[in-house]
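The structure under discussion appears below in the form of structure tokens.
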Amino acid sequence: MRALLGDLASSLVVFLERLGAMTRFAGQVVAQLPAALLRPRLVVEQVYNTGALSLVIIMTCGLFVGMVLGLQGYELLQRFGSEESLGMGAALSLLKELGPVVTALLFAGRAGTALASELGLMRATDQLSAMEVMAVDPMRRVVVPRFLGGVIAMPLLTAVFIAVALYGVQLVGVQFLGVDQGQFWSQMRGAVEFEDVREGLVKGLTFGVACSLIAVFEGYNAQPTAEGVGRATTRTVVISAVVTLVLDYILTAIML
Amino acid sequence: MNPAGAGHAPPYAHADDVVTLRGVDYSVGGKAVFKGLDIAIRRGEVTAIMGPSGTGKTTLLRLITRQLRADAGTVIVDGRDVAGLDGNGLYELRRKIGMLFQNGALLTDLDVFENVAFPLREHTRLPERLVRNIVLTKLHAVGLRGAAGLMPQELSGGMARRVALARAIVMDPQILLYDEPFAGLDPISMGVVLRLIRSLNDALGISSIVVTHDVREISQIADGSYILSDGRVVASGTPGQLRDHGSPVVKQFMEGLADGPVSFHYPAPDYRRQLLDRSGVS
Amino acid sequence: MRQSRTIDISTGLFVLLGMTAILFLVTQITNREFSLRTDSYRLQAQFGNIGGLKAGAPVSMAGVTIGRVESIGYDMDLFKAVVTLRIDQRYDRIPNDSDAGILTAGLLGGQYVGITPGGSEETFKDGDRVEFVQDAIVLENLISKYLFSQAREQASGEAAPATQE
């Protein structure tokens with residue numbers, strides 16, 4: 001029993017230590033933001049790296065999430081005779097929850113791991129140290145552009161995910177299952193407010209900041225070995241997932 | 001270095017020594033890496049820093065570039081104490097120093113040309129034509145001008161290291177630091193790197209500090225050397241002086257003896273007892 | 001260097017796609033009529049009870065949305081709720097004796113302002129006040145009215161037992 005408590009206590013200490021380290025790191029990143037914006041080429045490359053290269057997986061998953069939503073939603077609503085509300089229900093759930101959260105998880109898996117492993121490898125092969133010796137600040141040259149790239153890409157990816165998913169819902173609901181097209185869209189339009197769209201995009205942006213920060217932090221501070229880089233990549237996905245869901249609850253509570 | 005020879009008496013420093021360490025202490029995680037380290041590097045010479053594995057030779061280089069800070073003592077580079085340097089001072093310090101890392105540490109997303117051009121692009125606004133000329137000249141000096149379009153992944157170990165060397169000299173530094181430049185190279189590549197270290201040092205009028213434990217190789221080109229052990233200097237002098245050194249530590253190191261002051265056996269309990277005991281390993 | 005051109009173009013396309021998606025979401029699936037902002041005029045109406053009417057609720061005639069409730073305030077001198085309506089400029093010939101009532105969409109839906117046209121030759125101008133209003137129907141009032149009228153019928157029924165229902 002005592003051993004268990006001891007483990008718990010030391011885990012808590014480790015957790016606090018990492019939290020502190022990440023906060024300090026975040027401060028350094030923010031401090032270098034203006035400087036990094038002076039090198040738009042680097043940021044553009046990273047937006048490509050995290051965003052454009054994630055498009056395929058985001059759109060594919062978006063389509064299928066939408067199609068499943070259409071299928072499930074139709075089946076459920078049919079029990080109450082309100083199939084025409086399919087558009088409304090799907091749009092609201094995608095905008096407010098499914099869109100931002102699923103996109104964030106996919107982002108962490110594809111782009112987050114890419115960022116973490118790139119930085120981890122740079123750490124392990126002394127590239128970051130070499131930059132320091134060449135009087136180039138690795139934070140400015142390598143870390144912050146990646147962070148910015150992720151932050152810019154996430155809301156855009158979220159929007160694309162939701163849009164494609166809605167197409168999927170429409171495909172299944174209207175084309176396959178026969179929900180009236182007019183009702184589908186008009187009910188949706190009647191129920192969805194601008195605030196709902198804004199809520200989804202705000203969530204997308206927040207998750208983007210969180211997941212990108214976690215990814216670059218883990219990569220930059222990885223142990224300079226093969227296992228270290230692997231560990232950093234795993235941690236990125238796990239921590240990003242947990243933080244995303246926790247933030248999701250907090251944001252939902254605030255915005256409701 | 002220290003014509004008087006033997007022992008680890010602090011070599012007397014010259015006024016224009018390019019790097020001086022005085023009484024430097026440094027420890028990591030409670031373990032002392034250096035205790036009262038005294039080193040003086042003569043300007044314009046190739047100086048070797050040698051010693052058994054784990055004596056912190058790479059740490060020494062990091063203290064010179066101030067990527068690490070000494071716990072006590074002073075580190076003076078080109079007349080300036082590195083401890084007191086601010087952002088600008090640090091920047092100038094590192095502009096004067098070029099460093100060759102053990103694995104080359106080339107940036108993997110850039111090709112050879114861009115890797116060598118990297119410091120120029122980051123620190124200067126030279127016109128493209130001039131950048132191109134400088135890069136090609138430096139690549140020519142290391143014999144790899146034809147490899148300018150290759151990616152680091154396509155290079156052999158020796159070639160990667162030579163490209164890294166070209167990058168290290170592209171800004172015409174005053175001091176070149178080499179971290180284990182011969183590790184893992186075939187004899188030919190080793191010969192090439194050896195020749196480059198010496199010729200660059202003389203042609204460019206710089207000072208070179210080579211951290212290595214390839215005694216035979218470095219002895220061919222070093223002007224002076226230090227042997228570190230247990231966080232201190234145990235011997236210094238020209239390679240010839242070290243060969244004739246009386247101390248057992250130096251002798252074991254210079255001749256590559258398997259056993260001596262640095263013992264062959266890791267500390268373990270009595271052999272006979274452990275074999276007969278049969279109850280576990282420790 | 002040619003590699004970076006591809007990256008630039010691809011990134012540009014990606015950002016364009018993202019922006020388009022956002023635009024689509026904002027305009028195609030929400031119920032904001034963006035045209036309303038530009039050309040519209042204001043009308044005012046004072047209600048004794050607005051029930052559950054909220055700002056942003058539709059204003060309609062014959063079931064067609066012609067405007068929005070812009071703001072709701074309370075006048076401490078008149079002791080009435082003051083509702084400001086924003087009407088699309090296209091509908092500028094509403095008779096100025098028209099009636100504004102607070103109605104409920106469907107059985108349990110949101111509340112909105114319905115305008116029933118009057119017969120006047122003159123029409124509303126920007127800033128006019130709607131004179132004839134119908135307060136929102138509050139369920140409790142309805143129930144008490146019903147009970148009250150039932151009680152009255154009982155009383156008059158007892159007073160004149162010969163009178164048939």
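Just remember, in the structure tokens the first chain shown is A, the second B, etc., residues are 1-based per chain, and ligands are 1-based in the order shown.
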Counting only C-alpha atoms, which residues of chain B sit at most 12 Å from some atom of chain C, and what is each one's closest atom pair with its distance in Å to one decimal, listed by chain and rising residue number, as a Markdown table?
```
| residue | atom | partner | partner_atom | distance |
| --- | --- | --- | --- | --- |
| B:Asp109 | CA | C:Gln3 | CA | 11.7 |
| B:Leu110 | CA | C:Met1 | CA | 10.7 |
| B:Asp111 | CA | C:Met1 | CA | 10.9 |
| B:Phe113 | CA | C:Met1 | CA | 11.8 |
| B:Glu114 | CA | C:Met1 | CA | 10.2 |
| B:Gly149 | CA | C:Met1 | CA | 11.9 |
```
Could those selected residues go to a file with C-alpha atoms, as a CSV table (one decimal), in the first residue's frame?
```
chain,number,residue,atom,x,y,z
B,109,ASP,CA,16.3,18.4,-45.0
B,110,LEU,CA,18.9,20.4,-46.9
B,111,ASP,CA,21.3,19.2,-49.6
B,113,PHE,CA,25.3,22.9,-50.9
B,114,GLU,CA,22.5,24.3,-48.7
B,149,GLY,CA,23.8,18.4,-55.1
```
(Q) Based on only C-alpha atoms, which of the residues in chain B come within 9 Å of chain A? I want them as a PyMOL selection string. (A) chain B and resi 62+65-67+90-95+97-108+119+122-123+168
Selection file, C-alpha atoms, as a compact mmCIF listing (two decimals), in the first residue's frame:
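In the end it all went to result.txt:
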```
# COMPACT_ATOMS: atom_id res chain seq x y z
CA ARG B 62 30.73 22.61 -24.88
CA THR B 65 31.29 27.32 -26.88
CA ARG B 66 29.40 28.08 -23.70
CA GLN B 67 26.65 25.64 -24.46
CA LEU B 90 27.64 34.98 -27.24
CA TYR B 91 26.73 35.51 -30.86
CA GLU B 92 30.13 36.97 -31.61
CA LEU B 93 31.85 34.19 -29.73
CA ARG B 94 30.14 31.52 -31.77
CA ARG B 95 30.85 33.32 -35.01
CA ILE B 97 34.22 29.21 -33.58
CA GLY B 98 33.55 26.41 -35.99
CA MET B 99 32.72 22.96 -34.70
CA LEU B 100 32.83 19.57 -36.33
CA PHE B 101 30.47 17.14 -34.61
CA GLN B 102 31.06 13.45 -34.31
CA ASN B 103 28.38 12.53 -36.82
CA GLY B 104 28.70 15.60 -38.95
CA ALA B 105 25.31 16.85 -37.73
CA LEU B 106 24.28 17.98 -41.18
CA LEU B 107 20.71 19.24 -41.51
CA THR B 108 18.87 16.36 -43.09
CA PRO B 119 25.60 29.90 -41.84
CA GLU B 122 21.43 32.83 -41.57
CA HIS B 123 24.00 35.47 -40.71
CA ALA B 168 32.45 24.73 -40.15
```
Q.
For Tyr74 (chain C), find every residue with an atom within 12 Å (counting only C-alpha atoms), except residues of its own chain fewer than 6 positions away, and show them as a PyMOL selection string.
A. chain C and resi 45-50+80-84
Would you kindly report the residues of chain C within 8 Å of chain A, using only C-alpha atoms, as a PDB file with N, CA and C atoms, in the first residue's frame?
```pdb
ATOM      1  N   SER C   4      10.575  24.360 -53.440  1.00  0.00           N
ATOM      2  CA  SER C   4       9.814  25.245 -52.574  1.00  0.00           C
ATOM      3  C   SER C   4       8.647  25.871 -53.311  1.00  0.00           C
ATOM      4  N   ILE C   7       5.848  23.556 -52.821  1.00  0.00           N
ATOM      5  CA  ILE C   7       5.348  23.666 -51.456  1.00  0.00           C
ATOM      6  C   ILE C   7       4.474  24.906 -51.314  1.00  0.00           C
ATOM      7  N   ASP C   8       4.942  26.014 -51.874  1.00  0.00           N
ATOM      8  CA  ASP C   8       4.156  27.241 -51.776  1.00  0.00           C
ATOM      9  C   ASP C   8       2.787  27.071 -52.399  1.00  0.00           C
ATOM     10  N   SER C  10       1.141  24.295 -53.031  1.00  0.00           N
ATOM     11  CA  SER C  10       0.319  23.337 -52.285  1.00  0.00           C
ATOM     12  C   SER C  10      -0.227  23.962 -51.022  1.00  0.00           C
ATOM     13  N   THR C  11       0.618  24.722 -50.334  1.00  0.00           N
ATOM     14  CA  THR C  11       0.147  25.366 -49.115  1.00  0.00           C
ATOM     15  C   THR C  11      -0.951  26.356 -49.432  1.00  0.00           C
ATOM     16  N   PHE C  14      -4.076  24.541 -49.982  1.00  0.00           N
ATOM     17  CA  PHE C  14      -4.607  24.045 -48.709  1.00  0.00           C
ATOM     18  C   PHE C  14      -5.329  25.158 -47.954  1.00  0.00           C
ATOM     19  N   VAL C  15      -4.661  26.314 -47.856  1.00  0.00           N
ATOM     20  CA  VAL C  15      -5.277  27.414 -47.119  1.00  0.00           C
ATOM     21  C   VAL C  15      -6.569  27.846 -47.808  1.00  0.00           C
ATOM     22  N   LEU C  17      -8.539  25.987 -49.591  1.00  0.00           N
ATOM     23  CA  LEU C  17      -9.545  24.965 -49.302  1.00  0.00           C
ATOM     24  C   LEU C  17     -10.134  25.165 -47.917  1.00  0.00           C
ATOM     25  N   GLY C  18      -9.245  25.412 -46.951  1.00  0.00           N
ATOM     26  CA  GLY C  18      -9.714  25.611 -45.583  1.00  0.00           C
ATOM     27  C   GLY C  18     -10.634  26.816 -45.472  1.00  0.00           C
ATOM     28  N   MET C  19     -10.213  27.906 -46.102  1.00  0.00           N
ATOM     29  CA  MET C  19     -11.029  29.117 -46.044  1.00  0.00           C
ATOM     30  C   MET C  19     -12.392  28.891 -46.695  1.00  0.00           C
ATOM     31  N   ALA C  21     -13.935  26.094 -46.931  1.00  0.00           N
ATOM     32  CA  ALA C  21     -14.746  25.270 -46.038  1.00  0.00           C
ATOM     33  C   ALA C  21     -15.384  26.123 -44.954  1.00  0.00           C
ATOM     34  N   ILE C  22     -14.582  27.020 -44.377  1.00  0.00           N
ATOM     35  CA  ILE C  22     -15.115  27.892 -43.331  1.00  0.00           C
ATOM     36  C   ILE C  22     -16.249  28.749 -43.882  1.00  0.00           C
ATOM     37  N   PHE C  24     -18.140  28.160 -46.408  1.00  0.00           N
ATOM     38  CA  PHE C  24     -19.288  27.298 -46.647  1.00  0.00           C
ATOM     39  C   PHE C  24     -20.072  27.077 -45.365  1.00  0.00           C
ATOM     40  N   LEU C  25     -19.340  26.725 -44.310  1.00  0.00           N
ATOM     41  CA  LEU C  25     -20.012  26.443 -43.050  1.00  0.00           C
ATOM     42  C   LEU C  25     -20.771  27.667 -42.549  1.00  0.00           C
ATOM     43  N   VAL C  26     -20.139  28.822 -42.680  1.00  0.00           N
ATOM     44  CA  VAL C  26     -20.744  30.002 -42.097  1.00  0.00           C
ATOM     45  C   VAL C  26     -21.971  30.445 -42.887  1.00  0.00           C
ATOM     46  N   GLN C  28     -23.668  28.650 -45.561  1.00  0.00           N
ATOM     47  CA  GLN C  28     -24.637  27.697 -46.093  1.00  0.00           C
ATOM     48  C   GLN C  28     -25.448  26.970 -45.049  1.00  0.00           C
ATOM     49  N   ILE C  29     -24.917  26.877 -43.834  1.00  0.00           N
ATOM     50  CA  ILE C  29     -25.675  26.058 -42.897  1.00  0.00           C
ATOM     51  C   ILE C  29     -26.199  26.840 -41.697  1.00  0.00           C
ATOM     52  N   THR C  30     -25.937  28.119 -41.675  1.00  0.00           N
ATOM     53  CA  THR C  30     -26.507  28.874 -40.567  1.00  0.00           C
ATOM     54  C   THR C  30     -27.714  29.651 -41.077  1.00  0.00           C
ATOM     55  N   ASN C  31     -28.455  30.217 -40.152  1.00  0.00           N
ATOM     56  CA  ASN C  31     -29.661  30.923 -40.560  1.00  0.00           C
ATOM     57  C   ASN C  31     -29.496  32.426 -40.495  1.00  0.00           C
ATOM     58  N   ARG C  32     -28.273  32.856 -40.611  1.00  0.00           N
ATOM     59  CA  ARG C  32     -28.047  34.294 -40.665  1.00  0.00           C
ATOM     60  C   ARG C  32     -28.382  34.780 -42.070  1.00  0.00           C
TER      61      ARG C  32
END
```
Q: Write out as a PyMOL selection string the residues lying within 12 Å of Leu106 (chain A), counting only C-alpha atoms and excluding same-chain residues fewer than 4 positions away.
A: chain A and resi 50-51+54-62+98-102+110-113+154+157-158+161+207-208+211+237-238+240-241+244
Which of chain C end up as strand (DSSP E or B) when DSSP is run on this backbone - answer as a short mmCIF file (atom, residue, chain, number, x, y, z; two decimals) with C-alpha atoms, in the first residue's frame?
```
data_model
loop_
_atom_site.label_atom_id
_atom_site.label_comp_id
_atom_site.auth_asym_id
_atom_site.auth_seq_id
_atom_site.Cartn_x
_atom_site.Cartn_y
_atom_site.Cartn_z
CA SER C 40 -33.24 47.92 -43.45
CA TYR C 41 -35.28 50.25 -41.34
CA ARG C 42 -36.38 50.20 -37.73
CA LEU C 43 -39.76 49.93 -36.08
CA GLN C 44 -40.59 50.04 -32.41
CA ALA C 45 -43.29 48.19 -30.48
CA GLN C 46 -44.22 48.27 -26.81
CA PHE C 47 -45.53 45.12 -25.20
CA PRO C 58 -37.65 36.53 -36.77
CA VAL C 59 -40.26 39.11 -37.69
CA SER C 60 -42.69 37.76 -40.27
CA MET C 61 -45.75 38.57 -42.26
CA VAL C 64 -42.54 34.99 -44.46
CA THR C 65 -39.54 36.35 -42.56
CA ILE C 66 -39.19 40.05 -43.32
CA GLY C 67 -36.88 41.08 -40.53
CA ARG C 68 -35.37 40.41 -37.11
CA VAL C 69 -35.85 41.51 -33.53
CA GLU C 70 -32.85 43.77 -33.03
CA SER C 71 -33.07 44.54 -29.34
CA ILE C 72 -35.35 44.31 -26.33
CA GLY C 73 -35.44 46.83 -23.54
CA TYR C 74 -37.68 47.89 -20.66
CA ASP C 75 -39.06 51.37 -20.23
CA LYS C 80 -43.61 48.23 -20.86
CA ALA C 81 -41.15 46.12 -22.81
CA VAL C 82 -39.77 48.08 -25.77
CA VAL C 83 -38.89 45.89 -28.73
CA THR C 84 -36.91 47.23 -31.71
CA LEU C 85 -37.61 45.49 -35.01
CA ARG C 86 -35.35 45.63 -38.03
CA ILE C 87 -37.31 45.26 -41.26
CA ASP C 88 -35.78 44.50 -44.64
CA PRO C 95 -49.75 49.89 -43.44
CA ASP C 99 -50.82 44.72 -35.74
CA ALA C 100 -47.67 43.24 -34.17
CA GLY C 101 -48.18 40.14 -32.08
CA ILE C 102 -45.87 37.73 -30.34
CA LEU C 103 -46.57 34.27 -31.65
CA THR C 104 -45.16 30.83 -31.09
CA GLN C 111 -41.35 32.87 -30.26
CA TYR C 112 -41.41 35.41 -33.03
CA VAL C 113 -43.11 38.64 -33.98
CA GLY C 114 -45.92 38.30 -36.50
CA ILE C 115 -47.26 41.38 -38.28
CA THR C 116 -50.84 41.34 -39.50
CA THR C 123 -47.13 53.09 -44.43
CA ASP C 128 -42.20 54.58 -36.37
CA ARG C 129 -43.95 52.92 -33.49
CA VAL C 130 -46.38 50.08 -34.02
CA PHE C 132 -51.52 47.90 -32.16
CA VAL C 133 -49.79 45.11 -30.33
CA GLN C 134 -50.70 41.76 -28.92
#
```
(Q) Residues of region 34-265 of chain B classed as alpha helix (DSSP H) by DSSP on the backbone are to be reported as a PyMOL selection string. (A) chain B and resi 57-64+87-96+112-123+128-141+157-169+187-204+215-221+239-243+248-255
Q | Distance in Å - CA of Val68 (chain A) versus CA of Val174 (chain A) | A |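 Between these atoms lies a distance of 13.4 Å.
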**Q.** Polymer residues at most 10 Å from region 244-260 of chain B, only C-alpha atoms, same-chain spacing of 6 or more positions, as a VMD selection string
**A.** chain B and resid 5 to 7 50 to 52 213 to 216 219 227 to 229 234 to 237
**Q.** Polymer residues at most 9 Å from Ile94 (chain C), only C-alpha atoms, same-chain spacing of 2 or more positions, as a ChimeraX atom specification
**A.** /C:91-92,96-98,117-118,120,122-125
